[in-house]
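Heads up: the structure comes next, in structure tokens.
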Amino acid sequence: MKILTRTEIEQLLSIPKILEAIEEGFIAYSKHEVVIPPVGSLHFDSPPGDCHIKYGYAKNGKYYVVKVASGFYDNPKQGLASNNGLMLLFDKQTGAPISALLDEGYLTVLRTAAAGYVAANCLAPKNISCVGIVGTGAQAHYQLKFLSFATKCRNVIIWGRDIEKAKQLAQHADFSGWTFEIAQNIEQLTAKCNLIVTTTPSSHPLLFADQIKPGTHITAVGADDSGKQEIDAQVFAKADKVIVDSRSQCSLFGDVSYALKKNVIQPEKLVELGEVLSNPSLGRTSETEITICDLTGVAIQDLQIAKTIYEASVSKVK
């Protein structure tokens, strides 16, 4: 079994290949070419945290994956990263483990950011005046970094509970030459931004319908488990198009689930991201539409990124 450390994984990374693999994964998922069981979850109160176990395989693929990812939100107080985890890749013919990717949660962050790229590339308006980032953690950083492949816009407004962390994000070397503004409140961000990404583990809504102007696209990635919510249910009623990574998963948890439970929208309004990739007419069709993409994280993303890194490691040896 090939064991890959985070350092080795970082050396093997090819962002263009990851973006391509994630797109292919979403298309395969929506074509029912994969087997993805329900997510396993653990929740902790003291200290607060959660752990997700995601797993699955492509029917015509060589591998299956089991991913364990955790988020412990008091870790930064101890100088530790909030996220951790690993991915295990197995041979689908024999069940033999072929690679342990000791990524410390890094690949989960990257595959989520890659999904954010896919969503923006499909659904954001052509003319993006300003990007709004809600949150200041690792996911906020990588969502912004991967968005650079989807838009030429380099004007950003950040809102977060910790102003110092927001300033650190704005000053990161990855964003040299970009223009940043630190918002004092959400309204300051929503008034100027027509591409908004939410990346927090919030348990209550942060964005509301009266704040969202015509032509805005929102990618929501923070509410990846029950009990989390970033987008008020009425925002989905106002939206022209509601896109999800998984109908079944987003019906159980994530921001869309609240709108469904309150009958604010009906399940028929949901379109999967893989369907939009196959048929762009299902996505944004005008610059004035409001679009939302709810990303709860699907195991096909874990399979695709683990497979990409493992095969890159094999090629490097050859």
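Ordering of the structure tokens sets the chain letters (A, B, ...); residue numbers start at 1 within each chain; ligands are numbered from 1 in the order shown.
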
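With only C-alpha atoms taken into account, the protein and nucleic acid residues at most 6 Å from range 55-63 of chain A (excluding it and anything under 4 positions from it in its own chain) are A:Glu33, A:Val34, A:Val35, A:Ile36, A:Phe90, A:Asp91, A:Lys92, A:Ala299.
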
Take the residues from that selection and put them in a file with N, CA, C and O atoms, as a PDB file, in the first residue's frame.
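Output (result.pdb):
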ATOM      1  N   GLU A  33     -23.994   6.808 -12.455  1.00  0.00           N
ATOM      2  CA  GLU A  33     -22.905   5.902 -12.801  1.00  0.00           C
ATOM      3  C   GLU A  33     -22.009   5.613 -11.605  1.00  0.00           C
ATOM      4  O   GLU A  33     -20.946   5.024 -11.744  1.00  0.00           O
ATOM      5  N   VAL A  34     -22.449   6.037 -10.423  1.00  0.00           N
ATOM      6  CA  VAL A  34     -21.668   5.838  -9.208  1.00  0.00           C
ATOM      7  C   VAL A  34     -22.568   5.270  -8.115  1.00  0.00           C
ATOM      8  O   VAL A  34     -23.796   5.359  -8.187  1.00  0.00           O
ATOM      9  N   VAL A  35     -21.936   4.689  -7.102  1.00  0.00           N
ATOM     10  CA  VAL A  35     -22.651   4.200  -5.923  1.00  0.00           C
ATOM     11  C   VAL A  35     -22.145   4.980  -4.722  1.00  0.00           C
ATOM     12  O   VAL A  35     -20.971   4.863  -4.349  1.00  0.00           O
ATOM     13  N   ILE A  36     -23.019   5.802  -4.144  1.00  0.00           N
ATOM     14  CA  ILE A  36     -22.652   6.672  -3.019  1.00  0.00           C
ATOM     15  C   ILE A  36     -23.671   6.457  -1.893  1.00  0.00           C
ATOM     16  O   ILE A  36     -24.792   6.975  -1.956  1.00  0.00           O
ATOM     17  N   PHE A  90      -9.030   1.975  -2.311  1.00  0.00           N
ATOM     18  CA  PHE A  90      -9.005   0.515  -2.409  1.00  0.00           C
ATOM     19  C   PHE A  90      -9.166   0.065  -3.852  1.00  0.00           C
ATOM     20  O   PHE A  90      -9.797   0.739  -4.667  1.00  0.00           O
ATOM     21  N   ASP A  91      -8.618  -1.116  -4.151  1.00  0.00           N
ATOM     22  CA  ASP A  91      -8.821  -1.760  -5.445  1.00  0.00           C
ATOM     23  C   ASP A  91     -10.233  -2.346  -5.464  1.00  0.00           C
ATOM     24  O   ASP A  91     -10.587  -3.170  -4.629  1.00  0.00           O
ATOM     25  N   LYS A  92     -11.043  -1.959  -6.458  1.00  0.00           N
ATOM     26  CA  LYS A  92     -12.437  -2.399  -6.506  1.00  0.00           C
ATOM     27  C   LYS A  92     -12.576  -3.851  -6.935  1.00  0.00           C
ATOM     28  O   LYS A  92     -13.614  -4.472  -6.723  1.00  0.00           O
ATOM     29  N   ALA A 299     -19.293  12.033  -1.916  1.00  0.00           N
ATOM     30  CA  ALA A 299     -18.122  11.147  -1.904  1.00  0.00           C
ATOM     31  C   ALA A 299     -17.474  10.983  -3.270  1.00  0.00           C
ATOM     32  O   ALA A 299     -16.292  10.643  -3.352  1.00  0.00           O
TER      33      ALA A 299
END

Counting only C-alpha atoms, what is within 9 Å of Ile53 in chain A, bar same-chain residues fewer than 3 positions away, as a list in words?
->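 Everything that qualifies: Val39, Gly40, Ser41, Leu42, Val66, Lys67, Val68, Ala69, Ser70 and Ala299 of chain A.
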
Which residues, written as an MDAnalysis selection string, have at least one atom at most 10 Å from Gly116 in chain A, with only C-alpha atoms counted and residues fewer than 6 positions away on the same chain left out?
-> chainID A and resid 19 110 122 142:144 146:147 150 197 218:221 293:295

Using CA of Ile243 in chain A and CA of Asn279 in chain A as the two end points, give the distance in Å to one decimal.
->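 Those two atoms sit 12.8 Å apart.
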
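CA of Leu12 in chain A is positioned 11.4 Å from CA of Ile305 in chain A.
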
Residues at most 6 Å from Gly222 in chain A, counting only C-alpha atoms, excluding those fewer than 4 positions away in the same chain, as an NGL selection string?
-> :A and (199-201)

Strand (DSSP E) positions in range 84-116 of chain A, given as a ChimeraX atom specification = /A:84-91,97-102

Near-Ala312 in chain A list (10 Å; only C-alpha atoms; drop same-chain fewer than 6 positions) as number ranges by chain = A: 9, 11-14, 17, 306, 318

Would you mind exporting the chosen residues as an mmCIF file, in the first residue's frame, restricted to N, CA and C atoms?
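Below is the file again32.cif, written as the result:
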data_model
loop_
_atom_site.group_PDB
_atom_site.id
_atom_site.type_symbol
_atom_site.label_atom_id
_atom_site.label_comp_id
_atom_site.auth_asym_id
_atom_site.auth_seq_id
_atom_site.Cartn_x
_atom_site.Cartn_y
_atom_site.Cartn_z
ATOM 1 N N ILE A 9 1.598 14.851 -1.059
ATOM 2 C CA ILE A 9 0.375 15.168 -1.795
ATOM 3 C C ILE A 9 0.461 16.553 -2.418
ATOM 4 N N GLN A 11 3.053 18.113 -3.362
ATOM 5 C CA GLN A 11 4.006 18.092 -4.472
ATOM 6 C C GLN A 11 3.414 17.455 -5.728
ATOM 7 N N LEU A 12 2.387 16.635 -5.551
ATOM 8 C CA LEU A 12 1.760 15.937 -6.672
ATOM 9 C C LEU A 12 0.581 16.705 -7.264
ATOM 10 N N LEU A 13 0.177 17.780 -6.618
ATOM 11 C CA LEU A 13 -1.044 18.494 -7.003
ATOM 12 C C LEU A 13 -0.945 19.118 -8.390
ATOM 13 N N SER A 14 -2.007 18.959 -9.135
ATOM 14 C CA SER A 14 -2.205 19.693 -10.386
ATOM 15 C C SER A 14 -3.630 20.225 -10.349
ATOM 16 N N LYS A 17 -5.937 19.404 -13.331
ATOM 17 C CA LYS A 17 -6.389 18.006 -13.349
ATOM 18 C C LYS A 17 -7.457 17.753 -12.297
ATOM 19 N N ALA A 306 -8.807 11.658 -4.731
ATOM 20 C CA ALA A 306 -7.890 10.623 -4.245
ATOM 21 C C ALA A 306 -7.284 9.854 -5.411
ATOM 22 N N LYS A 318 7.137 5.965 -12.220
ATOM 23 C CA LYS A 318 7.497 5.419 -13.540
ATOM 24 C C LYS A 318 8.452 6.350 -14.283
#

Distance query Gly137 in chain A at most 10 Å, only C-alpha atoms, self and fewer than 3 positions along chain excluded, as a list of chain:residue names =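 Skipping anything fewer than 3 positions along the chain leaves A:Ala81, A:Ser82, A:Val134, A:Ala140, A:His141, A:Tyr142, A:Gly160, A:Asp162, A:Lys165, A:Ala166, A:Gln168, A:Leu169, A:Thr199, A:Thr200.
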
File of the preceding selection, N, CA and C atoms, as an mmCIF file, in the first residue's frame:
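Writing the result to again.cif gives the following:
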data_model
loop_
_atom_site.group_PDB
_atom_site.id
_atom_site.type_symbol
_atom_site.label_atom_id
_atom_site.label_comp_id
_atom_site.auth_asym_id
_atom_site.auth_seq_id
_atom_site.Cartn_x
_atom_site.Cartn_y
_atom_site.Cartn_z
ATOM 1 N N ALA A 81 -5.106 23.350 13.400
ATOM 2 C CA ALA A 81 -6.069 23.529 12.320
ATOM 3 C C ALA A 81 -7.422 22.958 12.723
ATOM 4 N N SER A 82 -8.493 23.575 12.250
ATOM 5 C CA SER A 82 -9.836 23.085 12.561
ATOM 6 C C SER A 82 -10.103 21.744 11.896
ATOM 7 N N VAL A 134 -17.833 34.965 2.574
ATOM 8 C CA VAL A 134 -18.356 34.947 3.940
ATOM 9 C C VAL A 134 -17.589 33.869 4.704
ATOM 10 N N ALA A 140 -12.461 29.449 2.999
ATOM 11 C CA ALA A 140 -12.573 30.767 2.385
ATOM 12 C C ALA A 140 -11.360 31.044 1.493
ATOM 13 N N HIS A 141 -10.183 30.724 1.996
ATOM 14 C CA HIS A 141 -8.941 30.928 1.241
ATOM 15 C C HIS A 141 -8.964 30.161 -0.077
ATOM 16 N N TYR A 142 -9.278 28.855 -0.005
ATOM 17 C CA TYR A 142 -9.175 28.032 -1.212
ATOM 18 C C TYR A 142 -10.334 28.245 -2.169
ATOM 19 N N GLY A 160 -16.335 38.330 8.100
ATOM 20 C CA GLY A 160 -16.154 37.243 9.049
ATOM 21 C C GLY A 160 -16.270 37.759 10.461
ATOM 22 N N ASP A 162 -14.151 37.333 12.800
ATOM 23 C CA ASP A 162 -12.834 37.735 13.292
ATOM 24 C C ASP A 162 -12.182 38.672 12.266
ATOM 25 N N LYS A 165 -8.539 37.805 11.280
ATOM 26 C CA LYS A 165 -8.409 36.691 10.333
ATOM 27 C C LYS A 165 -8.795 37.134 8.923
ATOM 28 N N ALA A 166 -9.780 38.009 8.835
ATOM 29 C CA ALA A 166 -10.161 38.539 7.528
ATOM 30 C C ALA A 166 -9.006 39.327 6.913
ATOM 31 N N GLN A 168 -5.811 38.884 7.565
ATOM 32 C CA GLN A 168 -4.764 37.924 7.208
ATOM 33 C C GLN A 168 -5.060 37.268 5.865
ATOM 34 N N LEU A 169 -6.329 36.919 5.643
ATOM 35 C CA LEU A 169 -6.709 36.332 4.364
ATOM 36 C C LEU A 169 -6.448 37.310 3.223
ATOM 37 N N THR A 199 -18.804 30.137 3.616
ATOM 38 C CA THR A 199 -17.872 29.057 3.979
ATOM 39 C C THR A 199 -17.819 28.789 5.478
ATOM 40 N N THR A 200 -18.864 29.125 6.204
ATOM 41 C CA THR A 200 -18.809 29.046 7.669
ATOM 42 C C THR A 200 -19.572 27.829 8.202
#

Separation of CA of Cys193 in chain A from CA of Arg247 in chain A in Å =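 Taking CA of Arg247 in chain A as the start and CA of Cys193 in chain A as the end point, the length is 27.3 Å.
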
Residues near Thr151 in chain A, cut-off 8 Å, only C-alpha atoms, skip fewer than 2 positions along chain, as number ranges by chain = A: 121, 128, 147-149, 153

Keeping only all heavy atoms, write those residues as a PDB file, in the first residue's frame.
ATOM      1  N   ASN A 121     -18.223  28.616 -12.398  1.00  0.00           N
ATOM      2  CA  ASN A 121     -17.970  28.538 -13.830  1.00  0.00           C
ATOM      3  C   ASN A 121     -19.263  28.292 -14.600  1.00  0.00           C
ATOM      4  O   ASN A 121     -19.443  28.780 -15.715  1.00  0.00           O
ATOM      5  CB  ASN A 121     -16.962  27.418 -14.111  1.00  0.00           C
ATOM      6  CG  ASN A 121     -16.186  27.647 -15.381  1.00  0.00           C
ATOM      7  OD1 ASN A 121     -15.844  28.777 -15.727  1.00  0.00           O
ATOM      8  ND2 ASN A 121     -15.906  26.578 -16.098  1.00  0.00           N
ATOM      9  N   ILE A 128     -18.694  39.773 -13.475  1.00  0.00           N
ATOM     10  CA  ILE A 128     -18.631  39.761 -12.017  1.00  0.00           C
ATOM     11  C   ILE A 128     -17.944  41.040 -11.557  1.00  0.00           C
ATOM     12  O   ILE A 128     -16.785  41.290 -11.878  1.00  0.00           O
ATOM     13  CB  ILE A 128     -17.881  38.515 -11.509  1.00  0.00           C
ATOM     14  CG1 ILE A 128     -18.623  37.258 -11.945  1.00  0.00           C
ATOM     15  CG2 ILE A 128     -17.722  38.559  -9.988  1.00  0.00           C
ATOM     16  CD1 ILE A 128     -17.866  35.975 -11.680  1.00  0.00           C
ATOM     17  N   LEU A 147     -11.462  30.196  -7.399  1.00  0.00           N
ATOM     18  CA  LEU A 147     -12.299  31.080  -8.210  1.00  0.00           C
ATOM     19  C   LEU A 147     -11.481  31.855  -9.238  1.00  0.00           C
ATOM     20  O   LEU A 147     -12.017  32.310 -10.249  1.00  0.00           O
ATOM     21  CB  LEU A 147     -13.055  32.067  -7.318  1.00  0.00           C
ATOM     22  CG  LEU A 147     -14.313  31.553  -6.635  1.00  0.00           C
ATOM     23  CD1 LEU A 147     -14.908  32.628  -5.741  1.00  0.00           C
ATOM     24  CD2 LEU A 147     -15.347  31.069  -7.647  1.00  0.00           C
ATOM     25  N   SER A 148     -10.188  31.993  -8.985  1.00  0.00           N
ATOM     26  CA  SER A 148      -9.338  32.713  -9.937  1.00  0.00           C
ATOM     27  C   SER A 148      -9.280  32.008 -11.287  1.00  0.00           C
ATOM     28  O   SER A 148      -8.927  32.617 -12.296  1.00  0.00           O
ATOM     29  CB  SER A 148      -7.928  32.883  -9.369  1.00  0.00           C
ATOM     30  OG  SER A 148      -7.260  31.632  -9.268  1.00  0.00           O
ATOM     31  N   PHE A 149      -9.653  30.713 -11.317  1.00  0.00           N
ATOM     32  CA  PHE A 149      -9.705  29.968 -12.577  1.00  0.00           C
ATOM     33  C   PHE A 149     -11.051  30.148 -13.278  1.00  0.00           C
ATOM     34  O   PHE A 149     -11.187  29.788 -14.456  1.00  0.00           O
ATOM     35  CB  PHE A 149      -9.461  28.476 -12.320  1.00  0.00           C
ATOM     36  CG  PHE A 149      -8.069  28.164 -11.840  1.00  0.00           C
ATOM     37  CD1 PHE A 149      -7.757  28.189 -10.496  1.00  0.00           C
ATOM     38  CD2 PHE A 149      -7.063  27.862 -12.748  1.00  0.00           C
ATOM     39  CE1 PHE A 149      -6.473  27.917 -10.046  1.00  0.00           C
ATOM     40  CE2 PHE A 149      -5.772  27.588 -12.316  1.00  0.00           C
ATOM     41  CZ  PHE A 149      -5.471  27.612 -10.959  1.00  0.00           C
ATOM     42  N   CYS A 153     -12.221  38.541 -12.258  1.00  0.00           N
ATOM     43  CA  CYS A 153     -12.469  39.546 -11.220  1.00  0.00           C
ATOM     44  C   CYS A 153     -11.508  39.356 -10.051  1.00  0.00           C
ATOM     45  O   CYS A 153     -11.346  38.240  -9.539  1.00  0.00           O
ATOM     46  CB  CYS A 153     -13.907  39.449 -10.726  1.00  0.00           C
ATOM     47  SG  CYS A 153     -14.300  40.644  -9.426  1.00  0.00           S
TER      48      CYS A 153
END

Name the residues of range 86-294 of chain A that come out as helix (DSSP H, G or I) in a backbone DSSP run; write them as a ChimeraX atom specification.
-> /A:106-123,138-147,163-170,173-175,186-192,209-211,233-238,247-252,255-261,267-269,273-278,280-282

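Across A:His43, A:His32, A:Lys262, A:Lys54, the tightest approach to Val298 in chain A is made by A:Lys54 when counting only C-alpha atoms.
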
Between A:Asn127, A:Thr94, A:Ser99, A:Asn75, single out the one closest to Met1 in chain A, counting only C-alpha atoms.
->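 Among the listed residues, the smallest separation from Met1 in chain A belongs to A:Ser99.
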